[in-house]
$ cat model21.cif   # mmCIF, C-alpha atoms
data_data
#
loop_
_atom_site.label_atom_id
_atom_site.label_comp_id
_atom_site.auth_asym_id
_atom_site.auth_seq_id
_atom_site.Cartn_x
_atom_site.Cartn_y
_atom_site.Cartn_z
CA MET A 26 130.45 97.31 86.46
CA MET A 27 127.87 99.75 85.09
CA THR A 28 126.13 101.69 87.83
CA MET A 29 122.38 102.24 88.05
CA LYS A 30 122.99 105.96 87.38
CA SER A 31 124.74 105.09 84.11
CA VAL A 32 121.91 102.76 83.05
CA VAL A 33 119.22 105.36 83.75
CA LEU A 34 121.20 108.06 81.92
CA ALA A 35 121.68 105.84 78.86
CA ILE A 36 117.97 105.04 78.62
CA LEU A 37 116.98 108.70 79.08
CA LEU A 38 119.35 109.72 76.31
CA LEU A 39 117.76 107.11 74.08
CA LEU A 40 114.30 108.56 74.75
CA VAL A 41 115.51 112.08 73.97
CA ALA A 42 116.99 110.85 70.72
CA SER A 43 113.70 109.22 69.74
CA THR A 44 111.89 112.59 69.90
CA SER A 45 114.23 114.34 67.48
CA ALA A 46 114.09 114.11 63.71
CA ARG A 47 117.48 112.48 63.63
CA GLY A 48 116.42 110.08 66.37
CA GLU A 49 113.23 109.29 64.45
CA ASP A 50 115.28 108.26 61.45
CA PHE A 51 117.58 106.20 63.65
CA LEU A 52 114.67 104.37 65.23
CA HIS A 53 112.89 103.54 62.00
CA ARG A 54 115.83 102.78 59.73
CA GLY A 55 118.66 101.86 62.05
CA ILE A 56 119.34 99.22 64.64
CA LEU A 57 116.06 99.89 66.49
CA LYS A 58 113.88 99.37 63.42
CA GLY A 59 110.59 97.75 64.44
CA THR A 60 111.10 98.43 68.16
CA GLU A 61 107.89 98.83 70.18
CA TYR A 62 107.62 100.95 73.36
CA TYR A 63 105.33 100.33 76.33
CA GLY A 64 104.49 101.90 79.66
CA PHE A 65 103.20 99.61 82.39
CA ALA A 66 101.91 99.54 85.97
CA GLY A 67 100.90 96.76 88.29
CA TYR A 68 100.98 95.04 91.65
CA GLU A 69 103.31 92.47 93.21
CA VAL A 70 102.50 89.66 95.64
CA GLY A 71 105.09 87.56 97.43
CA GLY A 72 107.76 87.73 100.08
CA SER A 73 111.34 87.00 101.08
CA ALA A 74 111.76 83.40 102.15
CA PRO A 75 114.28 80.53 102.24
CA THR A 76 114.18 78.10 99.32
CA SER A 77 113.20 75.34 101.76
CA MET A 78 111.34 75.95 105.03
CA PRO A 79 113.60 75.27 108.05
CA ALA A 80 112.37 73.05 110.89
CA SER A 81 112.56 76.01 113.28
CA ILE A 82 109.63 77.71 111.49
CA ARG A 83 106.55 75.71 112.47
CA GLY A 84 103.84 77.67 110.69
CA VAL A 85 102.44 81.02 109.55
CA ASN A 86 99.89 82.74 111.76
CA LYS A 87 99.15 85.57 109.36
CA LEU A 88 100.45 86.88 106.03
CA SER A 89 99.28 90.39 105.16
CA LEU A 90 99.34 91.97 101.71
CA THR A 91 101.33 95.20 101.48
CA PRO A 92 101.07 97.91 98.78
CA ASN A 93 103.72 96.47 96.47
CA LEU A 94 103.47 98.67 93.38
CA ILE A 95 105.42 98.50 90.14
CA ALA A 96 105.62 101.01 87.26
CA GLY A 97 107.97 101.68 84.36
CA PHE A 98 108.51 101.33 80.65
CA GLN A 99 109.99 98.75 78.31
CA MET A 100 111.10 98.44 74.70
CA GLU A 101 110.89 95.28 72.63
CA LYS A 102 113.02 94.73 69.54
CA PRO A 103 112.15 91.91 67.10
CA LEU A 104 115.22 89.88 66.17
CA THR A 105 114.16 87.07 63.87
CA GLY A 106 110.86 85.33 63.26
CA ARG A 107 109.00 85.00 66.56
CA ILE A 108 112.03 85.86 68.71
CA GLY A 109 112.70 89.28 70.22
CA LEU A 110 114.56 91.09 72.96
CA GLN A 111 112.96 93.21 75.69
CA LEU A 112 114.69 95.81 77.86
CA GLY A 113 112.95 97.65 80.69
CA LEU A 114 113.38 100.13 83.50
CA GLN A 115 110.97 99.97 86.44
CA PHE A 116 110.50 101.33 89.95
CA GLU A 117 108.98 98.86 92.37
CA ASN A 118 108.34 97.97 95.98
CA LYS A 119 108.78 94.47 97.38
CA GLY A 120 107.42 94.18 100.90
CA MET A 121 105.84 91.71 103.29
CA THR A 122 104.26 91.50 106.72
CA VAL A 123 104.26 88.00 108.20
CA ASP A 124 103.61 86.54 111.64
CA SER A 125 105.07 83.06 112.24
CA ARG A 126 105.23 80.35 114.91
CA VAL A 127 108.80 79.25 115.62
CA LYS A 128 110.68 76.77 117.81
CA ASN A 129 114.38 77.08 118.68
CA TYR A 130 114.68 79.91 116.17
CA HIS A 131 117.85 81.98 116.42
CA VAL A 132 117.15 85.65 117.16
CA ALA A 133 118.87 88.75 118.52
CA VAL A 134 116.47 91.22 120.13
CA GLU A 135 116.39 94.22 122.43
CA ARG A 136 114.12 94.69 125.43
CA GLY A 137 114.33 97.54 127.90
CA GLY A 138 117.79 98.55 126.63
CA GLU A 139 119.13 95.02 127.04
CA THR A 140 120.34 92.88 124.13
CA LEU A 141 119.27 89.23 124.17
CA GLU A 142 120.43 86.56 121.71
CA GLY A 143 119.68 82.86 121.57
CA GLN A 144 117.05 80.30 120.59
CA PHE A 145 113.46 81.54 120.71
CA THR A 146 110.24 79.54 120.87
CA GLY A 147 107.02 81.48 120.34
CA ASN A 148 105.88 83.98 117.69
CA VAL A 149 107.84 86.33 115.43
CA ASN A 150 106.32 89.27 113.56
CA VAL A 151 108.32 90.64 110.60
CA HIS A 152 107.83 93.78 108.49
CA ALA A 153 110.04 94.16 105.41
CA THR A 154 110.03 96.81 102.67
CA GLU A 155 112.38 97.32 99.71
CA TRP A 156 112.06 100.16 97.16
CA MET A 157 114.21 99.69 94.07
CA PHE A 158 114.98 100.42 90.44
CA THR A 159 115.10 97.26 88.32
CA VAL A 160 116.49 96.69 84.83
CA PRO A 161 115.25 93.41 83.25
CA LEU A 162 116.62 92.02 79.99
CA MET A 163 114.27 89.37 78.57
CA ALA A 164 114.23 87.14 75.52
CA THR A 165 110.71 87.00 74.05
CA TYR A 166 108.85 84.44 71.93
CA LYS A 167 105.60 85.35 70.15
CA VAL A 168 102.64 82.96 70.24
CA GLY A 169 99.77 84.86 68.64
CA LYS A 170 98.94 87.84 70.87
CA VAL A 171 101.01 86.45 73.73
CA HIS A 172 104.71 87.19 74.13
CA LEU A 173 106.40 84.63 76.39
CA LYS A 174 109.54 85.98 78.05
CA ALA A 175 112.40 85.01 80.32
CA GLY A 176 115.70 86.53 81.35
CA PRO A 177 117.86 88.09 84.08
CA TYR A 178 117.39 91.34 85.96
CA VAL A 179 119.43 93.55 88.26
CA SER A 180 118.01 95.83 90.97
CA TYR A 181 119.37 98.68 93.05
CA LEU A 182 117.59 99.43 96.33
CA THR A 183 116.95 103.09 97.07
CA SER A 184 115.58 102.32 100.55
CA CYS A 185 115.02 99.21 102.65
CA ASP A 186 113.63 98.21 106.03
CA PHE A 187 113.49 94.96 108.01
CA HIS A 188 112.17 95.10 111.56
CA GLY A 189 109.86 93.21 113.90
CA TRP A 190 109.53 91.59 117.28
CA ALA A 191 109.51 88.24 119.07
CA TYR A 192 106.60 87.77 121.49
CA ASN A 193 104.46 85.33 123.51
CA GLY A 194 107.25 82.83 124.11
CA TYR A 195 110.62 82.29 125.71
CA LEU A 196 114.23 82.74 124.68
CA ARG A 197 117.10 80.47 125.74
CA GLU A 198 120.18 82.67 125.89
CA GLY A 199 123.13 81.37 123.90
CA ASP A 200 121.87 77.85 123.14
CA PRO A 201 118.81 75.64 123.80
CA THR A 202 120.08 74.89 127.36
CA GLY A 203 120.76 78.53 128.30
CA ALA A 204 118.94 80.76 130.78
CA LYS A 205 115.23 81.08 130.00
CA VAL A 206 113.84 84.59 129.36
CA GLN A 207 110.10 85.13 128.91
CA LEU A 208 108.97 87.52 126.17
CA GLY A 209 105.42 88.86 126.39
CA GLU A 210 103.01 90.56 124.02
CA THR A 211 103.13 94.24 124.97
CA GLU A 212 105.76 96.59 123.56
CA ALA A 213 107.60 96.66 126.89
CA GLU A 214 107.58 92.86 127.28
CA ARG A 215 108.45 91.70 123.76
CA GLY A 216 111.88 91.58 122.10
CA ASN A 217 112.34 94.04 119.21
CA PHE A 218 114.80 93.89 116.31
CA ASP A 219 115.78 96.08 113.36
CA PHE A 220 118.17 94.64 110.76
CA SER A 221 117.70 97.34 108.10
CA ASP A 222 121.37 98.40 108.14
CA HIS A 223 122.45 94.87 107.17
CA MET A 224 120.43 94.64 103.94
CA ARG A 225 121.96 94.45 100.47
CA ARG A 226 121.63 97.31 97.99
CA TRP A 227 122.16 95.23 94.82
CA HIS A 228 120.00 92.28 93.77
CA ALA A 229 120.25 89.97 90.76
CA GLY A 230 117.74 87.38 89.69
CA LEU A 231 115.69 85.68 87.00
CA GLY A 232 112.23 86.51 85.72
CA LEU A 233 109.78 84.72 83.45
CA GLY A 234 106.28 85.53 82.35
CA ALA A 235 104.04 86.62 79.50
CA ASP A 236 102.66 89.78 77.89
CA TRP A 237 99.15 89.56 76.40
CA HIS A 238 98.43 92.14 73.70
CA ILE A 239 94.67 92.64 74.06
CA SER A 240 94.53 95.42 71.46
CA TYR A 241 97.00 97.65 69.63
CA HIS A 242 97.51 99.87 72.67
CA LEU A 243 96.23 97.90 75.67
CA GLY A 244 97.75 94.76 77.15
CA ALA A 245 98.32 92.81 80.35
CA PHE A 246 101.32 91.07 81.88
CA PHE A 247 102.17 88.41 84.45
CA ASN A 248 105.68 87.72 85.72
CA LEU A 249 107.36 85.53 88.30
CA THR A 250 110.67 86.76 89.75
CA TYR A 251 113.29 85.01 91.87
CA THR A 252 116.29 86.85 93.34
CA PHE A 253 119.45 84.75 93.50
CA ASN A 254 121.09 86.47 96.46
CA GLY A 255 119.50 86.95 99.89
CA ILE A 256 118.26 90.27 101.19
CA PHE A 257 121.03 90.46 103.82
CA LYS A 258 124.75 90.97 103.35
CA SER A 259 126.87 87.82 103.43
CA ASP A 260 128.60 88.76 106.71
CA PHE A 261 125.27 89.10 108.57
CA THR A 262 124.54 85.80 110.34
CA THR A 263 121.89 86.70 112.92
CA VAL A 264 119.21 85.50 110.49
CA GLU A 265 120.55 82.06 109.66
CA GLU A 266 118.38 81.37 106.60
CA THR A 267 119.05 83.03 103.24
CA LEU A 268 115.88 84.98 102.42
CA HIS A 269 115.28 85.24 98.68
CA PRO A 270 112.70 87.74 97.33
CA ILE A 271 110.13 85.67 95.39
CA TYR A 272 107.27 87.62 93.81
CA GLY A 273 104.52 87.44 91.25
CA GLN A 274 103.67 90.56 89.22
CA LEU A 275 100.35 91.36 87.55
CA GLY A 276 99.42 94.52 85.69
CA ILE A 277 98.54 96.37 82.50
CA THR A 278 100.63 97.72 79.61
CA TYR A 279 100.02 100.56 77.19
CA ARG A 280 101.75 100.73 73.83
CA LEU A 281 103.29 104.16 73.29
CA ARG A 282 104.21 103.63 69.64
#

$ encode --input "model21.cif" --output "structure tokens"
Amino acid sequence: MMTMKSVVLAILLLLVASTSARGEDFLHRGILKGTEYYGFAGYEVGGSAPTSMPASIRGVNKLSLTPNLIAGFQMEKPLTGRIGLQLGLQFENKGMTVDSRVKNYHVAVERGGETLEGQFTGNVNVHATEWMFTVPLMATYKVGKVHLKAGPYVSYLTSCDFHGWAYNGYLREGDPTGAKVQLGETEAERGNFDFSDHMRRWHAGLGLGADWHISYHLGAFFNLTYTFNGIFKSDFTTVEETLHPIYGQLGITYRLR
């Protein structure tokens, strides 16, 4: 399987070739004839969530926006008629901060050096951050100044974090009939967790969206992305639900040539 390092190197070599006289000839007369190049930057909104909300999650107290930025470049090659192919390389952050009400929700927490695991009823606060390189490969379809697009992507996480705490409730150790442990609101009374070491480094998913070419150079884009695999490794079962990153992306593009 091609590594992220190999993908980045291949794209960088392509850019170097495009700046040389020989590369110029290759771009305009060879296989990349008609290819357009764009830089882009934007913002992402979303979170990591199960595809269907489990009964143990009763509601959301608060969902806070985090600085989820995205930037990169893409190249679009016309194939035939209105159809084209778009390849990109982007650096992005997918993060969320959410506070939820739960009932009989399975957790494993630490309090005062003691590990507690069981069914928790109360509130759970989660902070998650994922920084990654993403390579999308999209088929495009031109409708006037709008290019509709859809296709797969693969991401490699350079850093990731998933931590939080359970508070203002009680935990039944082991199962719903186990010993009852009260968890309070202060840092000393609540139950803390950090599952960062159990997160996946590779993601794969599907994106769809549209690019709007406002003028020759300036444009805008909107994408929806869904990651097939969950954020945690398959052998990690403390979080019972599979949390899929689901995000919307909005930003601007600038045509380089």

$ closest_residue --input "model21.cif" --among "A:Val123, A:Leu104, A:Leu231, A:Ala245" --to "Thr60 of chain A" --atoms "all atoms listed in the file"
A:Leu104

$ residues_around --input "model21.cif" --residues "Ser180 of chain A" --least-positions-apart "3" --cutoff "9 Å" --atoms "all atoms listed in the file" --output "list in words"
Met29, Met157, Phe158, Thr159, Val160, Pro161, Arg226, Trp227, His228, Ala229 and Gly230 of chain A

$ resolve_selection --input "model21.cif" --expression "the PyMOL selection byres ((chain A and resi 267) around 9)" --output "list in words"
Ser73, Ala74, Pro75, Thr76, Asn254, Gly255, Ile256, Phe257, Val264, Glu265, Glu266, Leu268 and His269 of chain A

$ write_last_selection --input "model21.cif" --atoms "C-alpha atoms" --output "compact mmCIF listing (two decimals), keeping the file's coordinate frame"
# COMPACT_ATOMS: atom_id res chain seq x y z
CA SER A 73 111.34 87.00 101.08
CA ALA A 74 111.76 83.40 102.15
CA PRO A 75 114.28 80.53 102.24
CA THR A 76 114.18 78.10 99.32
CA ASN A 254 121.09 86.47 96.46
CA GLY A 255 119.50 86.95 99.89
CA ILE A 256 118.26 90.27 101.19
CA PHE A 257 121.03 90.46 103.82
CA VAL A 264 119.21 85.50 110.49
CA GLU A 265 120.55 82.06 109.66
CA GLU A 266 118.38 81.37 106.60
CA LEU A 268 115.88 84.98 102.42
CA HIS A 269 115.28 85.24 98.68

$ atom_distance --input "model21.cif" --atom1 "atom CA of Gly138 of chain A" --atom2 "atom CA of Ala213 of chain A"
10.4 Å

$ closest_residue --input "model21.cif" --among "A:Asn193, A:Thr250, A:Ser259, A:Ser240" --to "Met224 of chain A" --atoms "all atoms listed in the file"
A:Ser259

$ decode --input "model21.cif" --residues "segment 151-179 of chain A" --atoms "N, CA, C and O atoms" --output "PDB file, in the first residue's frame"
ATOM      1  N   VAL A 151     -16.621  15.658  26.302  1.00  0.00           N
ATOM      2  CA  VAL A 151     -15.616  15.069  25.413  1.00  0.00           C
ATOM      3  C   VAL A 151     -14.927  16.152  24.597  1.00  0.00           C
ATOM      4  O   VAL A 151     -15.585  17.048  24.044  1.00  0.00           O
ATOM      5  N   HIS A 152     -13.591  16.058  24.508  1.00  0.00           N
ATOM      6  CA  HIS A 152     -12.783  16.926  23.652  1.00  0.00           C
ATOM      7  C   HIS A 152     -11.981  16.028  22.707  1.00  0.00           C
ATOM      8  O   HIS A 152     -11.214  15.181  23.165  1.00  0.00           O
ATOM      9  N   ALA A 153     -12.165  16.212  21.415  1.00  0.00           N
ATOM     10  CA  ALA A 153     -11.452  15.394  20.424  1.00  0.00           C
ATOM     11  C   ALA A 153     -10.817  16.291  19.372  1.00  0.00           C
ATOM     12  O   ALA A 153     -11.426  17.270  18.923  1.00  0.00           O
ATOM     13  N   THR A 154      -9.585  15.955  18.988  1.00  0.00           N
ATOM     14  CA  THR A 154      -8.870  16.702  17.951  1.00  0.00           C
ATOM     15  C   THR A 154      -8.070  15.732  17.098  1.00  0.00           C
ATOM     16  O   THR A 154      -7.393  14.851  17.632  1.00  0.00           O
ATOM     17  N   GLU A 155      -8.137  15.907  15.778  1.00  0.00           N
ATOM     18  CA  GLU A 155      -7.373  15.083  14.843  1.00  0.00           C
ATOM     19  C   GLU A 155      -6.772  15.987  13.766  1.00  0.00           C
ATOM     20  O   GLU A 155      -7.499  16.658  13.037  1.00  0.00           O
ATOM     21  N   TRP A 156      -5.434  16.013  13.677  1.00  0.00           N
ATOM     22  CA  TRP A 156      -4.741  16.721  12.602  1.00  0.00           C
ATOM     23  C   TRP A 156      -4.280  15.689  11.582  1.00  0.00           C
ATOM     24  O   TRP A 156      -3.721  14.649  11.968  1.00  0.00           O
ATOM     25  N   MET A 157      -4.488  15.967  10.294  1.00  0.00           N
ATOM     26  CA  MET A 157      -4.225  14.941   9.290  1.00  0.00           C
ATOM     27  C   MET A 157      -3.914  15.525   7.918  1.00  0.00           C
ATOM     28  O   MET A 157      -4.300  16.653   7.592  1.00  0.00           O
ATOM     29  N   PHE A 158      -3.206  14.716   7.120  1.00  0.00           N
ATOM     30  CA  PHE A 158      -3.078  14.938   5.685  1.00  0.00           C
ATOM     31  C   PHE A 158      -4.127  14.071   4.995  1.00  0.00           C
ATOM     32  O   PHE A 158      -4.295  12.898   5.345  1.00  0.00           O
ATOM     33  N   THR A 159      -4.805  14.645   4.012  1.00  0.00           N
ATOM     34  CA  THR A 159      -5.854  13.926   3.288  1.00  0.00           C
ATOM     35  C   THR A 159      -5.617  14.032   1.788  1.00  0.00           C
ATOM     36  O   THR A 159      -5.288  15.108   1.276  1.00  0.00           O
ATOM     37  N   VAL A 160      -5.797  12.907   1.102  1.00  0.00           N
ATOM     38  CA  VAL A 160      -5.696  12.866  -0.359  1.00  0.00           C
ATOM     39  C   VAL A 160      -7.052  12.431  -0.918  1.00  0.00           C
ATOM     40  O   VAL A 160      -7.421  11.263  -0.833  1.00  0.00           O
ATOM     41  N   PRO A 161      -7.848  13.367  -1.470  1.00  0.00           N
ATOM     42  CA  PRO A 161      -9.116  13.005  -2.103  1.00  0.00           C
ATOM     43  C   PRO A 161      -8.944  12.802  -3.611  1.00  0.00           C
ATOM     44  O   PRO A 161      -8.159  13.496  -4.256  1.00  0.00           O
ATOM     45  N   LEU A 162      -9.687  11.865  -4.149  1.00  0.00           N
ATOM     46  CA  LEU A 162      -9.736  11.625  -5.590  1.00  0.00           C
ATOM     47  C   LEU A 162     -11.203  11.675  -5.994  1.00  0.00           C
ATOM     48  O   LEU A 162     -11.983  10.780  -5.643  1.00  0.00           O
ATOM     49  N   MET A 163     -11.589  12.733  -6.741  1.00  0.00           N
ATOM     50  CA  MET A 163     -13.001  12.997  -7.014  1.00  0.00           C
ATOM     51  C   MET A 163     -13.292  13.013  -8.518  1.00  0.00           C
ATOM     52  O   MET A 163     -12.513  13.569  -9.298  1.00  0.00           O
ATOM     53  N   ALA A 164     -14.401  12.425  -8.888  1.00  0.00           N
ATOM     54  CA  ALA A 164     -14.928  12.597 -10.233  1.00  0.00           C
ATOM     55  C   ALA A 164     -15.745  13.883 -10.251  1.00  0.00           C
ATOM     56  O   ALA A 164     -16.475  14.176  -9.296  1.00  0.00           O
ATOM     57  N   THR A 165     -15.598  14.688 -11.311  1.00  0.00           N
ATOM     58  CA  THR A 165     -16.299  15.966 -11.374  1.00  0.00           C
ATOM     59  C   THR A 165     -17.236  16.003 -12.587  1.00  0.00           C
ATOM     60  O   THR A 165     -17.006  15.331 -13.591  1.00  0.00           O
ATOM     61  N   TYR A 166     -18.289  16.829 -12.448  1.00  0.00           N
ATOM     62  CA  TYR A 166     -19.255  17.012 -13.533  1.00  0.00           C
ATOM     63  C   TYR A 166     -19.605  18.494 -13.600  1.00  0.00           C
ATOM     64  O   TYR A 166     -20.096  19.079 -12.626  1.00  0.00           O
ATOM     65  N   LYS A 167     -19.341  19.130 -14.755  1.00  0.00           N
ATOM     66  CA  LYS A 167     -19.536  20.563 -14.908  1.00  0.00           C
ATOM     67  C   LYS A 167     -20.983  20.902 -15.250  1.00  0.00           C
ATOM     68  O   LYS A 167     -21.573  20.319 -16.158  1.00  0.00           O
ATOM     69  N   VAL A 168     -21.541  21.839 -14.469  1.00  0.00           N
ATOM     70  CA  VAL A 168     -22.859  22.406 -14.756  1.00  0.00           C
ATOM     71  C   VAL A 168     -22.690  23.922 -14.719  1.00  0.00           C
ATOM     72  O   VAL A 168     -22.793  24.548 -13.660  1.00  0.00           O
ATOM     73  N   GLY A 169     -22.388  24.525 -15.860  1.00  0.00           N
ATOM     74  CA  GLY A 169     -22.087  25.948 -15.901  1.00  0.00           C
ATOM     75  C   GLY A 169     -20.817  26.248 -15.125  1.00  0.00           C
ATOM     76  O   GLY A 169     -19.769  25.643 -15.355  1.00  0.00           O
ATOM     77  N   LYS A 170     -20.912  27.164 -14.157  1.00  0.00           N
ATOM     78  CA  LYS A 170     -19.751  27.527 -13.345  1.00  0.00           C
ATOM     79  C   LYS A 170     -19.587  26.625 -12.118  1.00  0.00           C
ATOM     80  O   LYS A 170     -18.656  26.827 -11.326  1.00  0.00           O
ATOM     81  N   VAL A 171     -20.457  25.673 -11.975  1.00  0.00           N
ATOM     82  CA  VAL A 171     -20.407  24.765 -10.827  1.00  0.00           C
ATOM     83  C   VAL A 171     -19.863  23.414 -11.257  1.00  0.00           C
ATOM     84  O   VAL A 171     -20.297  22.849 -12.260  1.00  0.00           O
ATOM     85  N   HIS A 172     -18.901  22.900 -10.482  1.00  0.00           N
ATOM     86  CA  HIS A 172     -18.364  21.563 -10.713  1.00  0.00           C
ATOM     87  C   HIS A 172     -18.826  20.655  -9.577  1.00  0.00           C
ATOM     88  O   HIS A 172     -18.343  20.778  -8.440  1.00  0.00           O
ATOM     89  N   LEU A 173     -19.787  19.788  -9.859  1.00  0.00           N
ATOM     90  CA  LEU A 173     -20.218  18.804  -8.868  1.00  0.00           C
ATOM     91  C   LEU A 173     -19.147  17.727  -8.755  1.00  0.00           C
ATOM     92  O   LEU A 173     -18.512  17.374  -9.753  1.00  0.00           O
ATOM     93  N   LYS A 174     -18.957  17.164  -7.566  1.00  0.00           N
ATOM     94  CA  LYS A 174     -17.872  16.193  -7.394  1.00  0.00           C
ATOM     95  C   LYS A 174     -18.214  15.176  -6.312  1.00  0.00           C
ATOM     96  O   LYS A 174     -18.972  15.454  -5.381  1.00  0.00           O
ATOM     97  N   ALA A 175     -17.637  13.986  -6.479  1.00  0.00           N
ATOM     98  CA  ALA A 175     -17.824  12.919  -5.500  1.00  0.00           C
ATOM     99  C   ALA A 175     -16.706  11.902  -5.672  1.00  0.00           C
ATOM    100  O   ALA A 175     -16.226  11.671  -6.786  1.00  0.00           O
ATOM    101  N   GLY A 176     -16.275  11.311  -4.561  1.00  0.00           N
ATOM    102  CA  GLY A 176     -15.230  10.305  -4.650  1.00  0.00           C
ATOM    103  C   GLY A 176     -14.627   9.974  -3.301  1.00  0.00           C
ATOM    104  O   GLY A 176     -14.957  10.587  -2.278  1.00  0.00           O
ATOM    105  N   PRO A 177     -13.723   9.005  -3.267  1.00  0.00           N
ATOM    106  CA  PRO A 177     -13.119   8.553  -2.004  1.00  0.00           C
ATOM    107  C   PRO A 177     -11.959   9.435  -1.575  1.00  0.00           C
ATOM    108  O   PRO A 177     -11.426  10.229  -2.349  1.00  0.00           O
ATOM    109  N   TYR A 178     -11.570   9.275  -0.316  1.00  0.00           N
ATOM    110  CA  TYR A 178     -10.374   9.938   0.196  1.00  0.00           C
ATOM    111  C   TYR A 178      -9.704   9.035   1.227  1.00  0.00           C
ATOM    112  O   TYR A 178     -10.332   8.138   1.801  1.00  0.00           O
ATOM    113  N   VAL A 179      -8.433   9.274   1.441  1.00  0.00           N
ATOM    114  CA  VAL A 179      -7.679   8.582   2.481  1.00  0.00           C
ATOM    115  C   VAL A 179      -6.929   9.626   3.293  1.00  0.00           C
ATOM    116  O   VAL A 179      -6.432  10.610   2.735  1.00  0.00           O
TER     117      VAL A 179
END
